[in-house]
Amino acid sequence: MTWWLKMVRCLLRRVIYVVMRVCYRFSVHGQGYLPKRGAALVVCNHVSFMDALVLGGGSPRPLRFVMDQPIFESPWLKWWFQLVGAIPIESERHSPGALRRTLDDISDALRQGDVVMVFPEGRLTPDGEIHAFRRGLESILARDNVPVVPAGLAGLWGSWTSHYGGKALKKWPSRFRAPVSLHFGPPITAQEIEGVALRRYLEARVRALKAAGDSEIAHR
């Protein structure tokens with residue numbers, strides 16, 4: 001990555017943080033758990049179409065998001081996704097070999113020392129709860145043994161960009177300056193917990209971090 005692109009992404013992260021503070025009563029905890037330099041993988045629950053911006057603004061370093069190919073190819077937003085280094089992923093049913101290509105792109109990003117963000121549920125939550133993490137984390141970490149930082153997001157369920165009360169983006173916004181909380185947790189490595197147990201452990205950690213955010217919002 002060129003030096004100017006790094007500077008642009010750092011500047012964008014700061015701008016996004018300011019925008020998120022304007023849109024929400026936004027609080028972030030545990031930012032120090034993200035390594036100051038070097039590669040890392042962040043995993044978080046997926047609540048709304050605003051999640052990427054909230055996480056991008058709340059992270060102390062620019063994040064490269066793994067996102068659905070159809071959204072990545074949006075004619076109005078593709079330039080933005082490319083600028084921030086988003087990594088598209090497509091269904092194997094639509095494009096054989098798509099998963100391997102995405103894993104290659106993620107591996108390249110990690111080997112460049114970037115922080116990559118994934119939503120292991122693979123979709124927006126339909127009911128506000130965290131659903132089972134899908135396979136894929138193991139494949140990423142089998143290639144690159146980097147620290148995994150769990151994150152829990154609370155407060156966006158009920159927004160027009162979530163599936164609350166109907167499909168996301170199909171409703172009029174009804175809330176402004178809602179409380180939103182983002183908690184990062186201590187990093188772990190794949191060597192500490194191997195195989196499927198790693199996925200289940202990360203899911204449990206994300207659930208606990210989301211619960212901490214829910215509790216914080218309830219007591220504001």
# chains A, B, ... in the order shown; residues from 1 in each chain; ligands from 1
>>> residues_around(residues="A:Ala109", least_positions_apart="3", cutoff="10 Å", atoms="only C-alpha atoms", output="VMD selection string")
chain A and resid 1 39 to 40 64 85 87 103 to 106 112 to 116
>>> select_by_dssp(residues="stretch 4-102 of chain A", states="alpha helix (DSSP H)", output="mmCIF file with N, CA, C and O atoms, in the first residue's frame")
data_model
loop_
_atom_site.group_PDB
_atom_site.id
_atom_site.type_symbol
_atom_site.label_atom_id
_atom_site.label_comp_id
_atom_site.auth_asym_id
_atom_site.auth_seq_id
_atom_site.Cartn_x
_atom_site.Cartn_y
_atom_site.Cartn_z
ATOM 1 N N TRP A 4 0.520 7.472 0.559
ATOM 2 C CA TRP A 4 -0.597 8.415 0.466
ATOM 3 C C TRP A 4 -1.928 7.733 0.711
ATOM 4 O O TRP A 4 -2.846 8.329 1.293
ATOM 5 N N LEU A 5 -2.056 6.453 0.272
ATOM 6 C CA LEU A 5 -3.302 5.737 0.507
ATOM 7 C C LEU A 5 -3.478 5.461 1.996
ATOM 8 O O LEU A 5 -4.595 5.556 2.526
ATOM 9 N N LYS A 6 -2.385 5.159 2.691
ATOM 10 C CA LYS A 6 -2.467 4.976 4.139
ATOM 11 C C LYS A 6 -2.943 6.261 4.814
ATOM 12 O O LYS A 6 -3.781 6.235 5.725
ATOM 13 N N MET A 7 -2.403 7.388 4.365
ATOM 14 C CA MET A 7 -2.799 8.665 4.958
ATOM 15 C C MET A 7 -4.275 8.964 4.690
ATOM 16 O O MET A 7 -4.998 9.445 5.573
ATOM 17 N N VAL A 8 -4.726 8.677 3.475
ATOM 18 C CA VAL A 8 -6.130 8.913 3.129
ATOM 19 C C VAL A 8 -7.040 8.065 4.007
ATOM 20 O O VAL A 8 -8.054 8.551 4.530
ATOM 21 N N ARG A 9 -6.696 6.789 4.194
ATOM 22 C CA ARG A 9 -7.537 5.906 5.005
ATOM 23 C C ARG A 9 -7.534 6.325 6.474
ATOM 24 O O ARG A 9 -8.569 6.233 7.149
ATOM 25 N N CYS A 10 -6.413 6.800 6.970
ATOM 26 C CA CYS A 10 -6.371 7.296 8.355
ATOM 27 C C CYS A 10 -7.239 8.538 8.499
ATOM 28 O O CYS A 10 -7.964 8.703 9.497
ATOM 29 N N LEU A 11 -7.178 9.432 7.512
ATOM 30 C CA LEU A 11 -7.996 10.638 7.549
ATOM 31 C C LEU A 11 -9.479 10.291 7.468
ATOM 32 O O LEU A 11 -10.303 10.840 8.215
ATOM 33 N N LEU A 12 -9.827 9.347 6.589
ATOM 34 C CA LEU A 12 -11.216 8.932 6.462
ATOM 35 C C LEU A 12 -11.728 8.329 7.769
ATOM 36 O O LEU A 12 -12.878 8.550 8.156
ATOM 37 N N ARG A 13 -10.890 7.567 8.442
ATOM 38 C CA ARG A 13 -11.302 6.976 9.720
ATOM 39 C C ARG A 13 -11.679 8.062 10.714
ATOM 40 O O ARG A 13 -12.693 7.962 11.422
ATOM 41 N N ARG A 14 -10.906 9.131 10.764
ATOM 42 C CA ARG A 14 -11.197 10.229 11.686
ATOM 43 C C ARG A 14 -12.486 10.951 11.305
ATOM 44 O O ARG A 14 -13.284 11.320 12.171
ATOM 45 N N VAL A 15 -12.678 11.150 10.014
ATOM 46 C CA VAL A 15 -13.900 11.804 9.545
ATOM 47 C C VAL A 15 -15.119 10.953 9.890
ATOM 48 O O VAL A 15 -16.152 11.465 10.363
ATOM 49 N N ILE A 16 -15.014 9.636 9.657
ATOM 50 C CA ILE A 16 -16.129 8.734 9.955
ATOM 51 C C ILE A 16 -16.449 8.753 11.442
ATOM 52 O O ILE A 16 -17.622 8.743 11.841
ATOM 53 N N TYR A 17 -15.419 8.806 12.279
ATOM 54 C CA TYR A 17 -15.649 8.848 13.732
ATOM 55 C C TYR A 17 -16.467 10.086 14.102
ATOM 56 O O TYR A 17 -17.418 10.002 14.888
ATOM 57 N N VAL A 18 -16.114 11.233 13.536
ATOM 58 C CA VAL A 18 -16.848 12.460 13.822
ATOM 59 C C VAL A 18 -18.301 12.338 13.364
ATOM 60 O O VAL A 18 -19.229 12.715 14.085
ATOM 61 N N VAL A 19 -18.504 11.779 12.167
ATOM 62 C CA VAL A 19 -19.862 11.609 11.647
ATOM 63 C C VAL A 19 -20.672 10.688 12.555
ATOM 64 O O VAL A 19 -21.850 10.950 12.846
ATOM 65 N N MET A 20 -20.063 9.604 13.021
ATOM 66 C CA MET A 20 -20.767 8.683 13.907
ATOM 67 C C MET A 20 -21.129 9.346 15.236
ATOM 68 O O MET A 20 -22.202 9.085 15.801
ATOM 69 N N ARG A 21 -20.268 10.244 15.714
ATOM 70 C CA ARG A 21 -20.579 10.952 16.965
ATOM 71 C C ARG A 21 -21.721 11.939 16.761
ATOM 72 O O ARG A 21 -22.460 12.235 17.705
ATOM 73 N N VAL A 22 -21.866 12.450 15.546
ATOM 74 C CA VAL A 22 -22.974 13.350 15.247
ATOM 75 C C VAL A 22 -24.282 12.566 15.130
ATOM 76 O O VAL A 22 -25.327 12.986 15.631
ATOM 77 N N CYS A 23 -24.216 11.400 14.462
ATOM 78 C CA CYS A 23 -25.421 10.604 14.212
ATOM 79 C C CYS A 23 -25.909 9.854 15.442
ATOM 80 O O CYS A 23 -27.117 9.616 15.583
ATOM 81 N N ASP A 51 -23.059 -0.874 10.377
ATOM 82 C CA ASP A 51 -22.037 -1.492 11.226
ATOM 83 C C ASP A 51 -20.619 -1.171 10.770
ATOM 84 O O ASP A 51 -19.738 -0.882 11.589
ATOM 85 N N ALA A 52 -20.380 -1.249 9.467
ATOM 86 C CA ALA A 52 -19.030 -1.032 8.956
ATOM 87 C C ALA A 52 -18.544 0.376 9.280
ATOM 88 O O ALA A 52 -17.385 0.580 9.666
ATOM 89 N N LEU A 53 -19.435 1.372 9.128
ATOM 90 C CA LEU A 53 -19.044 2.741 9.437
ATOM 91 C C LEU A 53 -18.808 2.925 10.928
ATOM 92 O O LEU A 53 -17.850 3.593 11.336
ATOM 93 N N VAL A 54 -19.662 2.330 11.760
ATOM 94 C CA VAL A 54 -19.493 2.450 13.208
ATOM 95 C C VAL A 54 -18.170 1.820 13.634
ATOM 96 O O VAL A 54 -17.390 2.415 14.401
ATOM 97 N N LEU A 55 -17.894 0.623 13.136
ATOM 98 C CA LEU A 55 -16.641 -0.046 13.481
ATOM 99 C C LEU A 55 -15.440 0.695 12.902
ATOM 100 O O LEU A 55 -14.403 0.827 13.553
ATOM 101 N N GLY A 56 -15.589 1.178 11.664
ATOM 102 C CA GLY A 56 -14.496 1.914 11.054
ATOM 103 C C GLY A 56 -14.159 3.177 11.805
ATOM 104 O O GLY A 56 -12.986 3.541 11.949
ATOM 105 N N GLY A 57 -15.188 3.873 12.305
ATOM 106 C CA GLY A 57 -14.944 5.075 13.084
ATOM 107 C C GLY A 57 -14.426 4.776 14.473
ATOM 108 O O GLY A 57 -13.624 5.538 15.022
ATOM 109 N N GLY A 58 -14.869 3.667 15.060
ATOM 110 C CA GLY A 58 -14.475 3.342 16.423
ATOM 111 C C GLY A 58 -13.114 2.689 16.544
ATOM 112 O O GLY A 58 -12.517 2.678 17.617
ATOM 113 N N GLN A 69 -20.269 -9.173 -2.531
ATOM 114 C CA GLN A 69 -19.915 -8.671 -3.857
ATOM 115 C C GLN A 69 -20.998 -7.763 -4.454
ATOM 116 O O GLN A 69 -20.677 -6.707 -5.004
ATOM 117 N N PRO A 70 -22.303 -8.134 -4.380
ATOM 118 C CA PRO A 70 -23.321 -7.256 -4.984
ATOM 119 C C PRO A 70 -23.327 -5.848 -4.393
ATOM 120 O O PRO A 70 -23.552 -4.872 -5.113
ATOM 121 N N ILE A 71 -23.086 -5.735 -3.079
ATOM 122 C CA ILE A 71 -23.026 -4.408 -2.461
ATOM 123 C C ILE A 71 -21.757 -3.685 -2.903
ATOM 124 O O ILE A 71 -21.766 -2.494 -3.211
ATOM 125 N N PHE A 72 -20.647 -4.423 -2.957
ATOM 126 C CA PHE A 72 -19.374 -3.851 -3.388
ATOM 127 C C PHE A 72 -19.483 -3.260 -4.796
ATOM 128 O O PHE A 72 -18.875 -2.239 -5.105
ATOM 129 N N LYS A 78 -19.046 1.969 -5.252
ATOM 130 C CA LYS A 78 -17.887 1.116 -5.495
ATOM 131 C C LYS A 78 -16.575 1.880 -5.315
ATOM 132 O O LYS A 78 -15.602 1.343 -4.765
ATOM 133 N N TRP A 79 -16.544 3.136 -5.769
ATOM 134 C CA TRP A 79 -15.318 3.934 -5.635
ATOM 135 C C TRP A 79 -14.922 4.062 -4.160
ATOM 136 O O TRP A 79 -13.741 4.004 -3.811
ATOM 137 N N TRP A 80 -15.923 4.230 -3.286
ATOM 138 C CA TRP A 80 -15.671 4.373 -1.845
ATOM 139 C C TRP A 80 -15.143 3.066 -1.269
ATOM 140 O O TRP A 80 -14.165 3.052 -0.520
ATOM 141 N N PHE A 81 -15.790 1.951 -1.624
ATOM 142 C CA PHE A 81 -15.357 0.656 -1.117
ATOM 143 C C PHE A 81 -13.924 0.345 -1.561
ATOM 144 O O PHE A 81 -13.132 -0.214 -0.791
ATOM 145 N N GLN A 82 -13.581 0.703 -2.784
ATOM 146 C CA GLN A 82 -12.219 0.490 -3.262
ATOM 147 C C GLN A 82 -11.236 1.377 -2.518
ATOM 148 O O GLN A 82 -10.131 0.942 -2.178
ATOM 149 N N LEU A 83 -11.631 2.623 -2.253
ATOM 150 C CA LEU A 83 -10.749 3.555 -1.554
ATOM 151 C C LEU A 83 -10.411 3.080 -0.154
ATOM 152 O O LEU A 83 -9.256 3.172 0.281
ATOM 153 N N ALA A 98 -14.902 -18.474 -5.874
ATOM 154 C CA ALA A 98 -15.004 -17.154 -5.252
ATOM 155 C C ALA A 98 -14.402 -17.146 -3.850
ATOM 156 O O ALA A 98 -13.712 -16.194 -3.468
ATOM 157 N N LEU A 99 -14.665 -18.192 -3.071
ATOM 158 C CA LEU A 99 -14.153 -18.237 -1.711
ATOM 159 C C LEU A 99 -12.629 -18.242 -1.701
ATOM 160 O O LEU A 99 -11.999 -17.534 -0.909
ATOM 161 N N ARG A 100 -12.036 -19.028 -2.586
ATOM 162 C CA ARG A 100 -10.568 -19.079 -2.645
ATOM 163 C C ARG A 100 -10.004 -17.703 -2.984
ATOM 164 O O ARG A 100 -9.016 -17.265 -2.394
ATOM 165 N N ARG A 101 -10.645 -17.003 -3.926
ATOM 166 C CA ARG A 101 -10.163 -15.668 -4.292
ATOM 167 C C ARG A 101 -10.267 -14.699 -3.121
ATOM 168 O O ARG A 101 -9.370 -13.879 -2.893
ATOM 169 N N THR A 102 -11.364 -14.781 -2.378
ATOM 170 C CA THR A 102 -11.518 -13.905 -1.217
ATOM 171 C C THR A 102 -10.476 -14.230 -0.154
ATOM 172 O O THR A 102 -9.881 -13.319 0.439
#
>>> closest_residue(among="A:Ala154, A:Tyr24, A:Phe65, A:Thr2", to="A:Arg175", atoms="only C-alpha atoms")
A:Tyr24
>>> atom_distance(atom1="atom CA of A:Arg37", atom2="atom CA of A:Ala211")
28.4 Å
>>> closest_residue(among="A:Leu198, A:Pro173, A:Asp144, A:Glu90", to="A:Thr161", atoms="only C-alpha atoms")
A:Pro173
>>> select_by_dssp(residues="stretch 73-218 of chain A", states="strand (DSSP E)", output="list in words")
Ile87, Pro88, Ile89, Val115, Val116, Met117, Val118, Val148, Val149, Pro150, Ala151, Gly152, Leu153, Ala154, Pro179, Val180, Ser181, Leu182, His183 and Phe184 of chain A
>>> write_last_selection(atoms="N, CA, C and O atoms", output="PDB file, in the first residue's frame")
ATOM      1  N   ILE A  87     -12.961  -5.777   0.857  1.00  0.00           N
ATOM      2  CA  ILE A  87     -12.653  -7.036   0.174  1.00  0.00           C
ATOM      3  C   ILE A  87     -13.976  -7.733  -0.150  1.00  0.00           C
ATOM      4  O   ILE A  87     -14.695  -8.153   0.753  1.00  0.00           O
ATOM      5  N   PRO A  88     -14.347  -7.841  -1.420  1.00  0.00           N
ATOM      6  CA  PRO A  88     -15.640  -8.443  -1.780  1.00  0.00           C
ATOM      7  C   PRO A  88     -15.608  -9.966  -1.686  1.00  0.00           C
ATOM      8  O   PRO A  88     -14.571 -10.595  -1.915  1.00  0.00           O
ATOM      9  N   ILE A  89     -16.759 -10.528  -1.342  1.00  0.00           N
ATOM     10  CA  ILE A  89     -16.907 -11.981  -1.318  1.00  0.00           C
ATOM     11  C   ILE A  89     -18.212 -12.338  -2.022  1.00  0.00           C
ATOM     12  O   ILE A  89     -19.234 -11.669  -1.833  1.00  0.00           O
ATOM     13  N   VAL A 115      -5.456  -4.474   9.164  1.00  0.00           N
ATOM     14  CA  VAL A 115      -6.468  -5.053  10.051  1.00  0.00           C
ATOM     15  C   VAL A 115      -7.699  -5.355   9.202  1.00  0.00           C
ATOM     16  O   VAL A 115      -8.252  -4.453   8.555  1.00  0.00           O
ATOM     17  N   VAL A 116      -8.111  -6.613   9.186  1.00  0.00           N
ATOM     18  CA  VAL A 116      -9.254  -7.054   8.380  1.00  0.00           C
ATOM     19  C   VAL A 116     -10.436  -7.318   9.301  1.00  0.00           C
ATOM     20  O   VAL A 116     -10.286  -7.908  10.371  1.00  0.00           O
ATOM     21  N   MET A 117     -11.619  -6.875   8.878  1.00  0.00           N
ATOM     22  CA  MET A 117     -12.839  -7.011   9.672  1.00  0.00           C
ATOM     23  C   MET A 117     -13.808  -7.959   8.978  1.00  0.00           C
ATOM     24  O   MET A 117     -14.077  -7.818   7.784  1.00  0.00           O
ATOM     25  N   VAL A 118     -14.316  -8.952   9.723  1.00  0.00           N
ATOM     26  CA  VAL A 118     -15.308  -9.871   9.162  1.00  0.00           C
ATOM     27  C   VAL A 118     -16.507  -9.964  10.095  1.00  0.00           C
ATOM     28  O   VAL A 118     -16.391  -9.789  11.309  1.00  0.00           O
ATOM     29  N   VAL A 148      -6.758 -12.381  16.830  1.00  0.00           N
ATOM     30  CA  VAL A 148      -8.176 -12.165  16.539  1.00  0.00           C
ATOM     31  C   VAL A 148      -8.757 -11.315  17.662  1.00  0.00           C
ATOM     32  O   VAL A 148      -8.688 -11.691  18.831  1.00  0.00           O
ATOM     33  N   VAL A 149      -9.326 -10.177  17.294  1.00  0.00           N
ATOM     34  CA  VAL A 149      -9.894  -9.254  18.276  1.00  0.00           C
ATOM     35  C   VAL A 149     -11.416  -9.321  18.181  1.00  0.00           C
ATOM     36  O   VAL A 149     -11.992  -8.914  17.164  1.00  0.00           O
ATOM     37  N   PRO A 150     -12.095  -9.829  19.219  1.00  0.00           N
ATOM     38  CA  PRO A 150     -13.572  -9.850  19.181  1.00  0.00           C
ATOM     39  C   PRO A 150     -14.131  -8.465  19.475  1.00  0.00           C
ATOM     40  O   PRO A 150     -13.518  -7.660  20.191  1.00  0.00           O
ATOM     41  N   ALA A 151     -15.310  -8.183  18.913  1.00  0.00           N
ATOM     42  CA  ALA A 151     -15.976  -6.897  19.152  1.00  0.00           C
ATOM     43  C   ALA A 151     -17.473  -7.141  19.256  1.00  0.00           C
ATOM     44  O   ALA A 151     -18.025  -8.008  18.579  1.00  0.00           O
ATOM     45  N   GLY A 152     -18.124  -6.374  20.116  1.00  0.00           N
ATOM     46  CA  GLY A 152     -19.569  -6.468  20.283  1.00  0.00           C
ATOM     47  C   GLY A 152     -20.216  -5.112  20.052  1.00  0.00           C
ATOM     48  O   GLY A 152     -19.782  -4.104  20.620  1.00  0.00           O
ATOM     49  N   LEU A 153     -21.253  -5.097  19.219  1.00  0.00           N
ATOM     50  CA  LEU A 153     -21.930  -3.861  18.838  1.00  0.00           C
ATOM     51  C   LEU A 153     -23.349  -3.878  19.393  1.00  0.00           C
ATOM     52  O   LEU A 153     -24.078  -4.860  19.220  1.00  0.00           O
ATOM     53  N   ALA A 154     -23.755  -2.804  20.058  1.00  0.00           N
ATOM     54  CA  ALA A 154     -25.094  -2.713  20.642  1.00  0.00           C
ATOM     55  C   ALA A 154     -25.714  -1.357  20.331  1.00  0.00           C
ATOM     56  O   ALA A 154     -25.009  -0.351  20.232  1.00  0.00           O
ATOM     57  N   PRO A 179     -28.388   5.865  21.325  1.00  0.00           N
ATOM     58  CA  PRO A 179     -27.159   5.410  21.965  1.00  0.00           C
ATOM     59  C   PRO A 179     -26.618   4.162  21.274  1.00  0.00           C
ATOM     60  O   PRO A 179     -27.357   3.200  21.040  1.00  0.00           O
ATOM     61  N   VAL A 180     -25.348   4.173  20.930  1.00  0.00           N
ATOM     62  CA  VAL A 180     -24.683   3.042  20.296  1.00  0.00           C
ATOM     63  C   VAL A 180     -23.379   2.781  21.038  1.00  0.00           C
ATOM     64  O   VAL A 180     -22.634   3.714  21.339  1.00  0.00           O
ATOM     65  N   SER A 181     -23.123   1.517  21.326  1.00  0.00           N
ATOM     66  CA  SER A 181     -21.936   1.141  22.090  1.00  0.00           C
ATOM     67  C   SER A 181     -21.139   0.079  21.349  1.00  0.00           C
ATOM     68  O   SER A 181     -21.702  -0.884  20.823  1.00  0.00           O
ATOM     69  N   LEU A 182     -19.836   0.263  21.308  1.00  0.00           N
ATOM     70  CA  LEU A 182     -18.926  -0.686  20.675  1.00  0.00           C
ATOM     71  C   LEU A 182     -17.860  -1.084  21.679  1.00  0.00           C
ATOM     72  O   LEU A 182     -17.168  -0.226  22.233  1.00  0.00           O
ATOM     73  N   HIS A 183     -17.749  -2.393  21.929  1.00  0.00           N
ATOM     74  CA  HIS A 183     -16.762  -2.917  22.868  1.00  0.00           C
ATOM     75  C   HIS A 183     -15.803  -3.851  22.131  1.00  0.00           C
ATOM     76  O   HIS A 183     -16.237  -4.828  21.513  1.00  0.00           O
ATOM     77  N   PHE A 184     -14.495  -3.563  22.207  1.00  0.00           N
ATOM     78  CA  PHE A 184     -13.474  -4.487  21.738  1.00  0.00           C
ATOM     79  C   PHE A 184     -12.981  -5.308  22.925  1.00  0.00           C
ATOM     80  O   PHE A 184     -12.940  -4.810  24.060  1.00  0.00           O
TER      81      PHE A 184
END
>>> closest_residue(among="A:Val146, A:Val42, A:Ala86, A:Met67", to="A:Gly185", atoms="only C-alpha atoms")
A:Val42
>>> atom_distance(atom1="atom CA of A:Arg123", atom2="atom CA of A:Pro75")
21.5 Å
>>> residues_around(residues="A:Leu141", least_positions_apart="5", cutoff="10 Å", atoms="only C-alpha atoms", output="CSV table (one decimal) with N, CA and C atoms, in the first residue's frame")
chain,number,residue,atom,x,y,z
A,41,LEU,N,-7.2,-9.7,12.9
A,41,LEU,CA,-8.5,-10.0,12.4
A,41,LEU,C,-9.5,-9.6,13.4
A,107,SER,N,-5.7,-12.8,2.8
A,107,SER,CA,-4.3,-13.2,3.2
A,107,SER,C,-3.3,-12.1,2.7
A,136,GLY,N,-15.2,-20.4,8.1
A,136,GLY,CA,-14.5,-19.5,7.3
A,136,GLY,C,-13.4,-18.9,8.1
A,146,VAL,N,-2.8,-14.8,12.8
A,146,VAL,CA,-2.8,-13.4,13.3
A,146,VAL,C,-3.7,-13.3,14.6
A,147,PRO,N,-3.5,-12.3,15.4
A,147,PRO,CA,-4.4,-12.1,16.5
A,147,PRO,C,-5.8,-11.8,16.1
A,148,VAL,N,-6.8,-12.4,16.8
A,148,VAL,CA,-8.2,-12.2,16.5
A,148,VAL,C,-8.8,-11.3,17.7
A,189,THR,N,-5.2,-15.9,19.9
A,189,THR,CA,-4.6,-16.5,18.7
A,189,THR,C,-5.2,-17.9,18.5
A,190,ALA,N,-5.1,-18.3,17.2
A,190,ALA,CA,-5.6,-19.6,16.9
A,190,ALA,C,-4.9,-20.7,17.6
A,191,GLN,N,-3.7,-20.5,18.0
A,191,GLN,CA,-2.9,-21.5,18.7
A,191,GLN,C,-3.5,-21.8,20.1
A,194,GLU,N,-8.1,-24.2,19.2
A,194,GLU,CA,-8.0,-24.7,17.8
A,194,GLU,C,-9.4,-25.2,17.3
A,195,GLY,N,-9.5,-25.2,15.9
A,195,GLY,CA,-10.6,-25.9,15.3
A,195,GLY,C,-12.0,-25.2,15.5
>>> atom_distance(atom1="atom CA of A:Asp214", atom2="atom CA of A:Phe49")
18.9 Å
